[in-house]
Amino acid sequence: MADLAPGVDAAVPDVRACREALLRSPTPELMLRTGDVLFAAKQRLEAIRLILEVTSCHLDDWRLSLAGAMTILTHSSRYDIAETLLRNALRHQPEHIPIQAYLAHVRMAGGDIAGGKALFSGMVRRYPAQQAMVCTYMSVSLLAFGFPMESLQILLPCLESGYVDASILSNIGCSLEHLNRSADSFSWYEQALALDPTRALIRFGYACALLKAGRLREGWPRFFDRELTVGDRGAWYLALPRLRPGDEVAGRRIILFQEQGLGDTIQFIRFVPDLLAKGAEVTILVPRTLVPLLARSYPGATVREIDGFGREDDYAYAAAIPDLPYIAGVMSMHDIPAPVSYLRADPGDVARFAALLPERRPRVGLVWAGEQRVRSDDALVDRRRSTTLAALGTAVTPVDATLVSLQFGGLRSEIAGWTGQALCDPMGAVRDMADTAAIMANLDLVISVDTSPVHLAGAVGCPVWMISREDACWRWGDSGERSAWYPGMRLFRARERSLAPVLQEVGAALRIWVKTWRPS
């Protein structure tokens, strides 16, 4: 990333320098770049304050308001601020289609799904000559809020009208993949790439569809070609050569770094022994919460906290942890190594948490929501994959079992309002994922939405039932109750946007499971 301005370092941004540079030269381009840098440096409040300060001084510059809104929509869930900025831009450009589309999207994000759809429908009527553009924007929003069939239904008529472009073709492919019809999406992605082979998002969508359909040999190389999702884009190790299949690793020092989420790291870290067996010297960079667990599980590797990892010499390669199955040569679902457990809880921690749990068994762990992330795209996925303690608890109780909360983060507060069957909550004593693994070693079953505890349970060998949203993540495939990634997992798949029906299925299955459960 280029410097924002003389004296503004993109890797370690100085808030004052960023502020002065943008106030001195308030252009939309600089607004976008400054926001990217500040949000990447986790200076979220400073970024929002700066955007508001600059736009309030230039209310007649609609481009600045639009740039500010786009920055906030990209990096946060402050839809109220984004809507205010978009309305100011629309005041100057009332017929600007993208601004109207973003406003409709923000309306939906704020919870007014019907109102947002109505705004889009009004645009379709007002701008018949721009139908393709409007429908493309509308389909993106429909997919983000979990309406893949509606997205498909508004895109196909565009083709019938004779208008074809890469965005429409790609969005049709994405809609089909979200409908768990990944094989049907291939031709649409291929047509889109034939028109515009440079579009990274189209290539990545095609990669995910291939992987979801189990076509790993074709999917991994395209997945490898993605733009990496890392917190620190200026990290020095990103400049190292990326490790690829076939590279010689014996005697070479290799950095494996966290990319994407904790669940991705837990799922793919299983391939570390492959590199160690080939003679590589492996350093694993992960968030603090994973350091103790991975250090215990892979004593042959060096495990370090990713934040603040300083420059070190003599590394030959770096690899994003989600690329490890591709590097290890896993070219079909049958190639996935599936040990009963590959992450190990500390026996002392297991005993410590055993003393905190009720003796009555079976013990069933519950997770009802994913991490509350701040980026808008991530937050919208969180909405689709998560439920509430009230909804999950009501569906699975009463049940003749001890219920144990594994919920971490802010939504753990829902326990205070729960008035149903007793729920043991040991998470106040949890310091990191090693502690959570130790709790799981004392459980007989984990029931969770699609978030990192699912992967942790599978990795430590605890039976786990996963509740999947309708537009299932690529790693779980299009159908089926089992996963090659975790032999002890059972998948419960939602067949509509609401999770309510599948929660009832989980509750019924749990009561049957309890009746037949026997201590191992």
# chains A, B, ... in the order shown; residues from 1 in each chain; ligands from 1
>>> residues_around(residues="region 265-271 of chain A", least_positions_apart="6", cutoff="8 Å", atoms="only C-alpha atoms", output="list in words")
Gln258, Glu259, Ile321, Pro322, Asp323, Leu324, Pro325, Ala328, Tyr342, Ser452, His455, Leu456, Ala459 and Trp485 of chain A
>>> select_by_dssp(residues="region 339-453 of chain A", states="helix (DSSP H, G or I)", output="compact mmCIF listing (two decimals) with C-alpha atoms, in the first residue's frame")
# COMPACT_ATOMS: atom_id res chain seq x y z
CA PRO A 347 -4.68 -33.05 31.55
CA GLY A 348 -4.30 -30.65 34.49
CA ASP A 349 -6.73 -28.21 32.85
CA VAL A 350 -9.13 -31.06 32.11
CA ALA A 351 -9.15 -31.99 35.79
CA ARG A 352 -9.51 -28.35 36.86
CA PHE A 353 -12.65 -27.85 34.77
CA ALA A 354 -14.04 -31.25 35.72
CA SER A 376 -20.07 -5.27 7.67
CA ASP A 377 -19.74 -8.36 5.45
CA ASP A 378 -18.65 -10.48 8.42
CA ALA A 379 -21.40 -9.09 10.64
CA LEU A 380 -24.03 -10.04 8.06
CA VAL A 381 -22.69 -13.61 7.95
CA ASP A 382 -22.81 -13.65 11.77
CA ARG A 383 -26.52 -12.82 11.59
CA ARG A 384 -27.24 -15.69 9.21
CA ARG A 385 -25.28 -18.29 11.16
CA LEU A 389 -29.92 -18.81 23.77
CA ALA A 390 -33.68 -18.42 24.08
CA ALA A 391 -34.27 -20.03 20.67
CA LEU A 392 -31.73 -22.83 21.05
CA GLY A 393 -32.50 -23.46 24.72
CA THR A 394 -36.22 -23.67 24.12
CA ALA A 395 -35.71 -26.09 21.22
CA VAL A 396 -33.47 -28.54 23.11
CA GLY A 410 -20.62 -10.45 24.45
CA LEU A 411 -23.54 -12.78 23.74
CA ARG A 412 -22.67 -14.80 26.83
CA SER A 413 -24.72 -12.10 28.59
CA GLU A 414 -27.89 -13.80 27.35
CA ILE A 415 -27.45 -16.37 30.11
CA ALA A 416 -28.57 -13.79 32.66
CA GLY A 417 -32.01 -13.65 31.05
CA MET A 427 -16.65 -19.76 30.67
CA GLY A 428 -15.81 -17.12 33.25
CA ALA A 429 -12.74 -19.22 34.11
CA MET A 433 -8.91 -21.91 23.53
CA ALA A 434 -6.82 -24.42 25.51
CA ASP A 435 -9.23 -23.93 28.41
CA THR A 436 -12.23 -24.38 26.12
CA ALA A 437 -10.64 -27.59 24.81
CA ALA A 438 -10.25 -28.78 28.41
CA ILE A 439 -13.95 -28.17 29.06
CA MET A 440 -14.82 -30.10 25.90
CA SER A 452 -14.88 -21.87 15.91
CA PRO A 453 -16.01 -24.16 18.80
>>> closest_residue(among="A:Arg360, A:Arg217, A:Ala316, A:Tyr486", to="Arg242 (chain A)", atoms="only C-alpha atoms")
A:Ala316
>>> residues_around(residues="Gly146 (chain A)", least_positions_apart="3", cutoff="7 Å", atoms="only C-alpha atoms", output="PyMOL selection string")
chain A and resi 142-143+384+497
>>> write_last_selection(atoms="all heavy atoms", output="short mmCIF file (atom, residue, chain, number, x, y, z; two decimals), in the first residue's frame")
data_model
loop_
_atom_site.label_atom_id
_atom_site.label_comp_id
_atom_site.auth_asym_id
_atom_site.auth_seq_id
_atom_site.Cartn_x
_atom_site.Cartn_y
_atom_site.Cartn_z
N LEU A 142 -29.45 -9.04 -1.57
CA LEU A 142 -30.27 -10.21 -1.26
C LEU A 142 -29.40 -11.37 -0.78
O LEU A 142 -29.75 -12.08 0.17
CB LEU A 142 -31.09 -10.61 -2.47
CG LEU A 142 -32.24 -9.66 -2.84
CD1 LEU A 142 -32.82 -10.02 -4.20
CD2 LEU A 142 -33.33 -9.69 -1.77
N LEU A 143 -28.25 -11.58 -1.42
CA LEU A 143 -27.35 -12.64 -1.00
C LEU A 143 -26.79 -12.36 0.39
O LEU A 143 -26.67 -13.27 1.22
CB LEU A 143 -26.21 -12.81 -2.01
CG LEU A 143 -26.61 -13.41 -3.36
CD1 LEU A 143 -25.46 -13.29 -4.35
CD2 LEU A 143 -27.01 -14.87 -3.19
N ARG A 384 -26.64 -14.52 9.87
CA ARG A 384 -27.24 -15.69 9.21
C ARG A 384 -26.88 -16.99 9.91
O ARG A 384 -27.66 -17.95 9.87
CB ARG A 384 -26.80 -15.75 7.74
CG ARG A 384 -27.14 -14.51 6.95
CD ARG A 384 -27.21 -14.78 5.46
NE ARG A 384 -26.03 -15.38 4.88
CZ ARG A 384 -24.95 -14.71 4.47
NH1 ARG A 384 -24.90 -13.40 4.61
NH2 ARG A 384 -23.93 -15.34 3.92
N ARG A 497 -34.27 -19.54 5.38
CA ARG A 497 -33.50 -18.47 6.01
C ARG A 497 -33.54 -18.54 7.54
O ARG A 497 -32.54 -18.31 8.21
CB ARG A 497 -34.03 -17.11 5.54
CG ARG A 497 -33.22 -15.92 5.99
CD ARG A 497 -33.67 -14.68 5.25
NE ARG A 497 -32.92 -13.50 5.66
CZ ARG A 497 -33.31 -12.64 6.60
NH1 ARG A 497 -34.46 -12.84 7.22
NH2 ARG A 497 -32.57 -11.61 6.91
#
>>> residues_around(residues="Cys135 (chain A)", least_positions_apart="4", cutoff="9 Å", atoms="only C-alpha atoms", output="list in words")
Phe120, Val124, Gln130, Gln131, Ser139, Val140, Ser151, Ile154, Leu155, Cys158 and Ile168 of chain A
>>> closest_residue(among="A:Tyr326, A:Tyr189, A:Phe223, A:Tyr163", to="Asp274 (chain A)", atoms="only C-alpha atoms")
A:Tyr326
>>> closest_residue(among="A:Ala209, A:Ala166, A:Cys174, A:Val272", to="Asp196 (chain A)", atoms="only C-alpha atoms")
A:Ala166
>>> residues_around(residues="Pro463 (chain A)", least_positions_apart="2", cutoff="9 Å", atoms="only C-alpha atoms", output="PyMOL selection string")
chain A and resi 443-447+457-458+461+465+487-490
>>> write_last_selection(atoms="C-alpha atoms", output="PDB file, in the first residue's frame")
ATOM      1  CA  LEU A 443     -18.342 -33.195  27.643  1.00  0.00           C
ATOM      2  CA  ASP A 444     -20.192 -35.934  25.831  1.00  0.00           C
ATOM      3  CA  LEU A 445     -21.576 -33.773  23.021  1.00  0.00           C
ATOM      4  CA  VAL A 446     -21.269 -30.218  21.700  1.00  0.00           C
ATOM      5  CA  ILE A 447     -24.123 -28.523  19.844  1.00  0.00           C
ATOM      6  CA  ALA A 457     -14.687 -29.933  19.247  1.00  0.00           C
ATOM      7  CA  GLY A 458     -13.879 -31.849  16.077  1.00  0.00           C
ATOM      8  CA  GLY A 461     -12.317 -35.551  19.304  1.00  0.00           C
ATOM      9  CA  TRP A 465     -23.542 -31.407  16.108  1.00  0.00           C
ATOM     10  CA  PRO A 487     -15.651 -37.845  11.554  1.00  0.00           C
ATOM     11  CA  GLY A 488     -17.361 -37.107  14.883  1.00  0.00           C
ATOM     12  CA  MET A 489     -19.538 -34.350  13.425  1.00  0.00           C
ATOM     13  CA  ARG A 490     -23.217 -34.484  12.530  1.00  0.00           C
TER      14      ARG A 490
END
>>> atom_distance(atom1="CA of Ser341 (chain A)", atom2="CA of Val460 (chain A)")
4.6 Å
>>> closest_atom_pairs(of="region 342-391 of chain A", to="region 277-290 of chain A", cutoff="12 Å", atoms="only C-alpha atoms", output="Markdown table")
| residue | atom | partner | partner_atom | distance |
| --- | --- | --- | --- | --- |
| A:Leu343 | CA | A:Leu290 | CA | 10.8 |
| A:Arg344 | CA | A:Leu290 | CA | 11.9 |
| A:Ala345 | CA | A:Leu290 | CA | 11.7 |
>>> residues_around(residues="Arg107 (chain A)", least_positions_apart="6", cutoff="8 Å", atoms="only C-alpha atoms", output="NGL selection string")
:A and (83 or 113 or 115-116)
>>> residues_around(residues="Trp236 (chain A)", least_positions_apart="4", cutoff="9 Å", atoms="only C-alpha atoms", output="NGL selection string")
:A and (240 or 310-311)
>>> select_by_dssp(residues="region 224-463 of chain A", states="strand (DSSP E or B)", output="PyMOL selection string")
chain A and resi 242+253-257+281-286+302-305+315-320+363-367+402-405+423-424+445-449
>>> write_last_selection(atoms="C-alpha atoms", output="tab-separated table (two decimals), in the first residue's frame")
chain	number	residue	atom	x	y	z
A	242	ARG	CA	4.50	-18.06	-0.59
A	253	ARG	CA	12.39	-22.08	8.03
A	254	ILE	CA	8.71	-21.53	7.27
A	255	ILE	CA	6.14	-19.16	8.76
A	256	LEU	CA	2.53	-20.31	8.92
A	257	PHE	CA	0.26	-17.39	9.70
A	281	GLU	CA	11.42	-25.71	10.70
A	282	VAL	CA	7.94	-24.34	11.34
A	283	THR	CA	6.91	-21.16	13.14
A	284	ILE	CA	3.15	-20.75	13.66
A	285	LEU	CA	1.74	-17.24	14.10
A	286	VAL	CA	-1.74	-17.15	15.64
A	302	THR	CA	7.48	-22.86	17.39
A	303	VAL	CA	4.18	-21.15	18.21
A	304	ARG	CA	4.15	-17.36	18.57
A	305	GLU	CA	1.53	-14.67	19.00
A	315	TYR	CA	12.85	-17.60	6.69
A	316	ALA	CA	12.50	-19.16	3.27
A	317	TYR	CA	8.71	-19.21	2.90
A	318	ALA	CA	5.45	-18.04	4.41
A	319	ALA	CA	2.07	-19.74	4.07
A	320	ALA	CA	-1.46	-18.80	5.09
A	363	ARG	CA	-23.02	-33.29	29.57
A	364	VAL	CA	-23.96	-31.30	26.48
A	365	GLY	CA	-22.16	-28.08	25.51
A	366	LEU	CA	-24.10	-25.30	23.76
A	367	VAL	CA	-22.94	-22.46	21.48
A	402	THR	CA	-26.50	-31.43	32.05
A	403	LEU	CA	-26.30	-28.37	29.81
A	404	VAL	CA	-23.00	-26.49	29.69
A	405	SER	CA	-22.52	-23.12	28.03
A	423	LEU	CA	-27.29	-24.07	32.36
A	424	CYS	CA	-23.79	-24.45	33.81
A	445	LEU	CA	-21.58	-33.77	23.02
A	446	VAL	CA	-21.27	-30.22	21.70
A	447	ILE	CA	-24.12	-28.52	19.84
A	448	SER	CA	-23.10	-25.35	18.06
A	449	VAL	CA	-23.81	-23.00	15.22
>>> closest_residue(among="A:Arg495, A:Arg511, A:Arg226, A:His96", to="Trp62 (chain A)", atoms="only C-alpha atoms")
A:His96
>>> closest_residue(among="A:Gly329, A:Gly261, A:Gly162, A:Pro299", to="Asp247 (chain A)", atoms="only C-alpha atoms")
A:Gly329
